[in-house]
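Below is one structure, written out as structure tokens; the observations come after it.
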Amino acid sequence: MATVRASTLLAPGRIEVRDYPVPAELEPGAVLLRMVASGICGTDKHTYRGETVQYAGTPMERTTPFPIIQGHENLGIVEAVGPGGARAHDGSAVEVGDRVVPAPNRACGSCRSCRRAWAYVLCRNLENYGNSLTCEHAPHLFGGWAELLYLRPGTAVFKVPAELPSEVAVLTEIFAVTHSLERVAAARRPGGFRPGDTVAVVGVGSLGMAHLVKAALMGAGQVVAVDRSPLRLALARRHVGAATVLVGPDVQGADPAVRAEVLDLTDGEGADVVVDATGFRGSFELSATLVRDAGTILEVGAFVDMGPEAFNPAVVCGRSLTVMGVGGEDLQAYAGTLALLARHRAAIPFQDMVSHVFRVDDAALAMETSLDPMTATKVLVSEMLPVRTAAPGAAGPAG
């Protein structure tokens, strides 16, 4: 029987490349993808470190079911379709040879949240590729760090425009999460986000960088990148001309020096919107010091439970702050996201967000590389894209 290779996370810190059988038969409506590339997400890093509690404090709370094949930021080419065919999210037929981005999650369609047509990430029976689906049982291939990816029936699939390079198309999922800024823009004043406003992003890894770029494209008068990595701050300057604030290595929460720099950039007011995208404790407290009175804090990074942090809710009340949590992307955001990436691909070097590309056999090295924010931005696992073992040159001083 033919086999394919996949990077398998057996337990925290233990990656092994294993062979799995190619599925002999597909379920009706299922889709098999030949993987082009899959990104390493912050959630993947948490899982690798053993920080495995997701959806903490909700009915969906769970821990990672090892062993798993990681990878949910996926781009692939349709290899096969199950009996009866399958439909893309736009209603068109999925055909062998189509280059597609699959949704990272699969909703049940029948729980109360699904019946109410809420965002699919609120499904009470949500399945997550690369996160909640173990590879212990056939057809095994439920994560993108593999040669093939098996998509269960009902998984949303989006066709990639022909003019969009794969190096950019693989970023679709993280840019789809930036629908969060559109939600903020819909809010009434004195909160919300309007053209000309200042948006600060705390933590400009890939998710934070995507929010920074999206804010600029939505007409932000100023974007401010706050991070401890000079490499990432230089990338923010190169992408959107961001003002940058370097956080000291020992900062774990609110920091007067960081706040002073942001206030100086905003005429003493603070940012209209602050996006907290680090995924680590302490950054929410810092974000709250950077936002203006009656401004909005957008929390997009705390998907994995890293424990509580000290924060006085009287600050939210006394300053009339809006706090908005976003648990992931929205299926309705994908079509617009793909169009946005295609339209701006020449003006914005999206592909420079990718610092490294490794083969499936080197997934352990890819993960270790991704854990160093001083030398890595977005790291990909790919059997098709050229291998890249060093980040593109970053110009300009940090700060």
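Ordering of the structure tokens sets the chain letters (A, B, ...); residue numbers start at 1 within each chain; ligands are numbered from 1 in the order shown.
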Can you tell me, as a VMD selection string, which residues in range 178-305 of chain A count as alpha helix (DSSP H) by DSSP?
chain A and resid 179 to 185 206 to 217 230 to 240 256 to 265 283 to 290
So which residues touch Ser7 in chain A within 12 Å, counting only C-alpha atoms, skipping near sequence neighbours fewer than 3 positions away, as a PyMOL selection string?
chain A and resi 4+10+14-20+38+67-71+130+135+140-149+358-367+381-382
Strand (DSSP E or B) per DSSP on the backbone: members of range 105-250 of chain A, as a PyMOL selection string:
chain A and resi 105-106+127-128+146+148-151+157-159+198-202+222-227+243-246
At a cut-off of 12 Å, using only C-alpha atoms, what residues contact Gln332 in chain A? Leave out same-chain residues fewer than 2 positions from it and give the result as a VMD selection string.
chain A and resid 89 to 90 103 117 to 121 156 to 158 173 176 to 179 182 329 to 330 334 to 338
If we count only C-alpha atoms and set the cut-off at 8 Å, which residues sit around Leu164 in chain A, ignoring sequence neighbours fewer than 2 positions away in its own chain? Please answer as an MDAnalysis selection string.
chainID A and resid 160:162 166 168:169 341:342 345
Which residues, written as a ChimeraX atom specification, have at least one atom at most 6 Å from Gly203 in chain A, with only C-alpha atoms counted and residues fewer than 2 positions away on the same chain left out?
/A:205,208,226-227,277-278
Please produce a file of the residues just selected, as a PDB file, in the first residue's frame, where the atoms kept are C-alpha atoms.
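Wrote out.pdb, looks like this:
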ATOM      1  CA  GLY A 205       4.263  37.796  14.999  1.00  0.00           C
ATOM      2  CA  GLY A 208      -0.168  40.660  14.803  1.00  0.00           C
ATOM      3  CA  VAL A 226       5.082  46.971  19.742  1.00  0.00           C
ATOM      4  CA  ASP A 227       7.366  43.959  20.127  1.00  0.00           C
ATOM      5  CA  ALA A 277      -1.726  39.442  19.753  1.00  0.00           C
ATOM      6  CA  THR A 278       1.097  37.955  21.825  1.00  0.00           C
TER       7      THR A 278
END
Can you pull out the residues contacting Arg388 in chain A? Cut-off 10 Å, using only C-alpha atoms, and skip same-chain residues under 4 positions away; I want them as a list of chain:residue names.
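The neighbour list is A:Val354, A:Ser355, A:His356, A:Val357, A:Phe358, A:Arg359, A:Val379, A:Leu380, A:Pro392.
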If you measure from CA of Glu299 in chain A to CA of Pro104 in chain A, what distance in Å do you get, rounded to one decimal?
19.7 Å
Skipping near chain neighbours, those fewer than 6 positions away, what residues fall within 10 Å of Ala260 in chain A using only C-alpha atoms, listed as a ChimeraX atom specification?
/A:266,268,270,289-290
Using only C-alpha atoms, which of A:Thr369, A:Asn105, A:Thr8, A:Ser110 sits nearest His72 in chain A?
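Of A:Thr369, A:Asn105, A:Thr8, A:Ser110, the one nearest His72 in chain A is A:Asn105, counting only C-alpha atoms.
Note that the spacing between CA of Ala185 in chain A and CA of Val300 in chain A amounts to 15.7 Å.
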Quick check, in Å to one decimal: how far apart do CA of Gly29 in chain A and CA of Gly97 in chain A lie?
16.3 Å
